[in-house]
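Next comes coords_13.cif, with mmCIF, C-alpha atoms.
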```cif
data_work
loop_
_atom_site.label_atom_id
_atom_site.label_comp_id
_atom_site.auth_asym_id
_atom_site.auth_seq_id
_atom_site.Cartn_x
_atom_site.Cartn_y
_atom_site.Cartn_z
CA MET A 1 9.74 -34.36 87.93
CA THR A 2 8.76 -31.93 90.57
CA ALA A 3 5.26 -31.40 91.89
CA ASN A 4 5.26 -27.62 91.57
CA ALA A 5 6.35 -27.36 87.91
CA ASP A 6 5.23 -24.45 85.76
CA PRO A 7 2.01 -25.48 83.95
CA GLN A 8 2.94 -23.53 80.81
CA GLN A 9 6.29 -25.29 80.47
CA PRO A 10 6.18 -28.60 78.59
CA GLN A 11 7.05 -31.41 80.94
CA GLN A 12 9.78 -33.83 80.02
CA ARG A 13 9.22 -37.56 80.26
CA VAL A 14 11.40 -39.21 82.87
CA PRO A 15 12.20 -42.90 82.38
CA ASP A 16 10.46 -45.29 84.74
CA GLY A 17 12.34 -46.06 87.89
CA PRO A 18 13.18 -44.37 91.17
CA GLU A 19 13.39 -40.61 91.12
CA ILE A 20 16.92 -39.33 91.50
CA ASP A 21 17.62 -36.00 93.16
CA SER A 22 20.47 -34.09 91.63
CA ALA A 23 21.62 -32.74 95.01
CA PRO A 24 22.91 -35.39 97.45
CA THR A 25 21.40 -35.39 100.92
CA PRO A 26 23.75 -35.01 103.84
CA ALA A 27 22.99 -38.53 105.08
CA ALA A 28 23.77 -39.99 101.66
CA ALA A 29 27.08 -38.11 101.51
CA ASP A 30 28.25 -39.60 104.84
CA ALA A 31 27.24 -43.19 104.01
CA PRO A 32 29.89 -45.49 102.54
CA ALA A 33 29.38 -46.53 98.94
CA VAL A 34 27.78 -49.94 98.69
CA PRO A 35 28.81 -51.90 95.63
CA GLN A 36 25.84 -52.85 93.49
CA PRO A 37 25.64 -56.43 92.25
CA PRO A 38 26.06 -56.74 88.50
CA GLN A 39 22.71 -56.76 86.77
CA SER A 40 21.99 -59.69 84.54
CA PRO A 41 20.96 -58.73 81.05
CA GLN A 42 17.21 -58.67 80.55
CA PRO A 43 16.04 -61.61 78.50
CA THR A 44 14.79 -60.62 75.10
CA SER A 45 11.64 -62.14 73.79
CA THR A 46 11.36 -65.86 74.35
CA PRO A 47 11.02 -67.90 71.20
CA ALA A 48 7.44 -68.73 70.35
CA PRO A 49 6.54 -72.40 70.64
CA ALA A 50 6.23 -74.22 67.37
CA GLY A 51 2.71 -73.97 65.99
CA VAL A 52 0.50 -77.02 66.05
CA HIS A 53 -0.32 -78.10 62.53
CA ILE A 54 -3.79 -79.37 61.76
CA THR A 55 -3.67 -82.69 59.94
CA ARG A 56 -6.30 -84.33 57.79
CA LEU A 57 -6.72 -87.09 60.34
CA GLY A 58 -7.25 -84.51 63.09
CA GLY A 59 -9.83 -82.71 60.97
CA LEU A 60 -11.59 -85.99 60.22
CA TRP A 61 -11.66 -86.83 63.92
CA LEU A 62 -13.21 -83.42 64.65
CA VAL A 63 -15.87 -83.89 61.95
CA PHE A 64 -16.78 -87.35 63.27
CA THR A 65 -16.96 -86.06 66.83
CA LEU A 66 -19.22 -83.18 65.87
CA GLY A 67 -21.32 -85.54 63.73
CA ALA A 68 -21.77 -87.94 66.64
CA ALA A 69 -22.80 -85.07 68.93
CA LEU A 70 -25.31 -83.90 66.30
CA LEU A 71 -26.76 -87.41 66.00
CA VAL A 72 -27.23 -87.59 69.78
CA LEU A 73 -29.03 -84.24 69.72
CA LEU A 74 -31.26 -85.43 66.85
CA LEU A 75 -32.06 -88.65 68.70
CA VAL A 76 -33.08 -86.67 71.78
CA PHE A 77 -35.20 -84.38 69.58
CA ILE A 78 -37.01 -87.33 68.00
CA LEU A 79 -37.60 -89.04 71.35
CA MET A 80 -38.98 -85.86 72.91
CA ASN A 81 -41.39 -85.31 69.98
CA GLY A 82 -43.03 -88.70 69.82
CA GLN A 83 -46.62 -87.58 69.16
CA ARG A 84 -47.94 -89.15 65.95
CA VAL A 85 -49.01 -86.96 63.03
CA GLN A 86 -50.51 -87.82 59.69
CA ILE A 87 -48.33 -86.89 56.70
CA HIS A 88 -49.66 -86.31 53.16
CA ILE A 89 -47.08 -85.72 50.47
CA TYR A 90 -47.56 -86.25 46.71
CA GLY A 91 -50.36 -88.74 47.16
CA ALA A 92 -48.61 -90.73 49.90
CA HIS A 93 -50.22 -90.89 53.35
CA TRP A 94 -48.68 -92.23 56.54
CA ASN A 95 -48.38 -91.63 60.27
CA ALA A 96 -45.02 -90.71 61.82
CA PRO A 97 -43.77 -89.06 65.00
CA VAL A 98 -43.51 -85.25 64.87
CA GLY A 99 -39.73 -85.37 65.29
CA VAL A 100 -39.33 -87.73 62.34
CA ALA A 101 -41.64 -85.60 60.19
CA LEU A 102 -39.69 -82.42 60.99
CA LEU A 103 -36.35 -84.10 60.30
CA MET A 104 -37.67 -85.44 57.02
CA ALA A 105 -38.84 -81.97 56.03
CA ALA A 106 -35.41 -80.54 56.92
CA ALA A 107 -33.64 -83.26 54.90
CA LEU A 108 -35.83 -82.55 51.86
CA GLY A 109 -35.06 -78.83 52.24
CA VAL A 110 -31.34 -79.57 52.29
CA LEU A 111 -31.71 -81.69 49.15
CA LEU A 112 -33.44 -78.78 47.43
CA VAL A 113 -30.27 -76.76 48.00
CA VAL A 114 -27.59 -79.45 47.55
CA VAL A 115 -28.74 -80.96 44.25
CA PRO A 116 -28.76 -77.71 42.21
CA GLY A 117 -25.60 -76.55 43.99
CA GLY A 118 -23.83 -79.80 43.13
CA GLY A 119 -24.87 -79.45 39.50
CA ARG A 120 -23.45 -75.92 39.42
CA ILE A 121 -20.18 -77.10 40.98
CA ILE A 122 -19.86 -79.76 38.26
CA GLN A 123 -20.49 -77.10 35.57
CA LEU A 124 -17.81 -74.83 37.03
CA LYS A 125 -15.27 -77.66 37.28
CA ARG A 126 -15.83 -78.56 33.62
CA ALA A 127 -15.47 -74.92 32.56
CA ALA A 128 -12.27 -74.53 34.59
CA ARG A 129 -10.81 -77.71 33.12
CA ARG A 130 -11.67 -76.50 29.60
CA MET A 131 -10.07 -73.09 30.27
CA HIS A 132 -6.95 -74.77 31.68
CA LYS A 133 -6.57 -76.90 28.53
CA ASP A 134 -7.08 -73.82 26.32
CA ARG A 135 -4.46 -71.93 28.32
CA GLU A 136 -1.94 -74.76 27.98
CA ARG A 137 -2.57 -74.93 24.23
CA LEU A 138 -2.11 -71.15 23.86
CA VAL A 139 1.07 -71.16 25.96
CA SER A 140 2.56 -73.93 23.82
CA ARG A 141 1.66 -72.01 20.63
CA LEU A 142 3.23 -68.85 22.11
CA ASP A 143 6.39 -70.77 23.04
CA GLN A 144 6.58 -72.19 19.52
CA ALA A 145 6.12 -68.73 17.97
CA THR A 146 8.79 -67.27 20.27
CA ALA A 147 11.21 -70.06 19.33
CA ASP A 148 10.51 -69.52 15.61
CA ALA A 149 11.12 -65.77 15.95
CA ALA A 150 14.36 -66.30 17.87
CA THR A 151 15.97 -68.51 15.24
CA PRO A 152 17.63 -66.49 12.49
CA PRO A 153 16.41 -67.07 8.95
CA PRO A 154 18.62 -69.35 6.87
CA THR A 155 21.18 -67.47 4.79
CA THR A 156 21.73 -68.34 1.17
CA ALA A 157 25.30 -68.68 0.03
CA ALA A 158 26.25 -66.44 -2.88
CA LYS A 159 27.70 -68.28 -5.90
#
```

Encoded form using structure tokens:
Amino acid sequence: MTANADPQQPQQRVPDGPEIDSAPTPAAADAPAVPQPPQSPQPTSTPAPAGVHITRLGGLWLVFTLGAALLVLLLVFILMNGQRVQIHIYGAHWNAPVGVALLMAAALGVLLVVVPGGGRIIQLKRAARRMHKDRERLVSRLDQATADAATPPPTTAAK
């Protein structure tokens, strides 16, 4: 491309690389031709490394590691909140550290969510199992009806 090109003319895209003049310079015309070394072919894309598969044991190890880290954080929380408070719940009264009281409240809150959720999961599993059995029964009836329709009716022999 030239620097003083007409702005109204659309410019053509030149491939990347050194610019080549169409007219040889006098110095280039006098110089002997130097043989170029053969270019090695450019490597195509390298094969991607095989993916690492997550195993059940690896997942279990991760869960235990995160659980242990959470327990350490909870222990630090309880130790840092050691002031005693009086707890009154459903007629029971006792003294406990603030950290223990807050963790107990959080655990009861989780139970308020988990117990009804677990009941709903059990309901859905039963309904799915019932639907699966109904589907199998209907498919077998459909297969039987298809087989009955495919067999030709018995012919009676004329006497």

Computed interatomic separation between atom CA of A:Val98 and atom CA of A:Ile78 (Å) = 7.5 Å

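For the pair atom CA of A:Phe64 and atom CA of A:Met104, the interatomic distance is 21.9 Å.
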
Between atom CA of A:Gly99 and atom CA of A:Gly82 - distance in Å to one decimal = 6.5 Å

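Checking A:Gly119, A:Tyr90, A:Leu75, A:Gln83 one by one against A:Leu103, counting only C-alpha atoms, you find the shortest gap at A:Leu75.
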
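Distance annotation: of A:Val114, A:Ala128, A:Val100, A:Ala105, the residue with the minimal separation from A:Val76 is A:Val100; atom set is all atoms listed in the file.
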
Can you give me N, CA and C atoms for stretch 102-121 of chain A, written as a short mmCIF file (atom, residue, chain, number, x, y, z; two decimals), in the coordinates of the input?
```cif
data_model
loop_
_atom_site.label_atom_id
_atom_site.label_comp_id
_atom_site.auth_asym_id
_atom_site.auth_seq_id
_atom_site.Cartn_x
_atom_site.Cartn_y
_atom_site.Cartn_z
N LEU A 102 -40.46 -83.66 61.09
CA LEU A 102 -39.69 -82.42 60.99
C LEU A 102 -38.30 -82.68 60.42
N LEU A 103 -37.66 -83.77 60.85
CA LEU A 103 -36.35 -84.10 60.30
C LEU A 103 -36.43 -84.44 58.82
N MET A 104 -37.49 -85.12 58.42
CA MET A 104 -37.67 -85.44 57.02
C MET A 104 -37.87 -84.16 56.20
N ALA A 105 -38.64 -83.24 56.72
CA ALA A 105 -38.84 -81.97 56.03
C ALA A 105 -37.51 -81.20 55.91
N ALA A 106 -36.71 -81.23 56.96
CA ALA A 106 -35.41 -80.54 56.92
C ALA A 106 -34.48 -81.21 55.90
N ALA A 107 -34.49 -82.54 55.85
CA ALA A 107 -33.64 -83.26 54.90
C ALA A 107 -34.06 -82.95 53.47
N LEU A 108 -35.37 -82.90 53.20
CA LEU A 108 -35.83 -82.55 51.86
C LEU A 108 -35.45 -81.11 51.50
N GLY A 109 -35.50 -80.21 52.48
CA GLY A 109 -35.06 -78.83 52.24
C GLY A 109 -33.59 -78.76 51.91
N VAL A 110 -32.77 -79.54 52.59
CA VAL A 110 -31.34 -79.57 52.29
C VAL A 110 -31.12 -80.11 50.88
N LEU A 111 -31.86 -81.14 50.50
CA LEU A 111 -31.71 -81.69 49.15
C LEU A 111 -32.08 -80.66 48.09
N LEU A 112 -33.06 -79.83 48.38
CA LEU A 112 -33.44 -78.78 47.43
C LEU A 112 -32.30 -77.78 47.20
N VAL A 113 -31.41 -77.66 48.14
CA VAL A 113 -30.27 -76.76 48.00
C VAL A 113 -29.06 -77.50 47.43
N VAL A 114 -28.80 -78.72 47.90
CA VAL A 114 -27.59 -79.45 47.55
C VAL A 114 -27.60 -79.91 46.10
N VAL A 115 -28.71 -80.40 45.61
CA VAL A 115 -28.74 -80.96 44.25
C VAL A 115 -28.44 -79.88 43.21
N PRO A 116 -29.13 -78.74 43.20
CA PRO A 116 -28.76 -77.71 42.21
C PRO A 116 -27.35 -77.16 42.44
N GLY A 117 -26.95 -77.04 43.70
CA GLY A 117 -25.60 -76.55 43.99
C GLY A 117 -24.54 -77.51 43.48
N GLY A 118 -24.77 -78.81 43.64
CA GLY A 118 -23.83 -79.80 43.13
C GLY A 118 -23.74 -79.76 41.62
N GLY A 119 -24.88 -79.58 40.96
CA GLY A 119 -24.87 -79.45 39.50
C GLY A 119 -24.06 -78.24 39.06
N ARG A 120 -24.20 -77.14 39.77
CA ARG A 120 -23.45 -75.92 39.42
C ARG A 120 -21.96 -76.13 39.65
N ILE A 121 -21.60 -76.82 40.71
CA ILE A 121 -20.18 -77.10 40.98
C ILE A 121 -19.60 -77.93 39.85
#
```
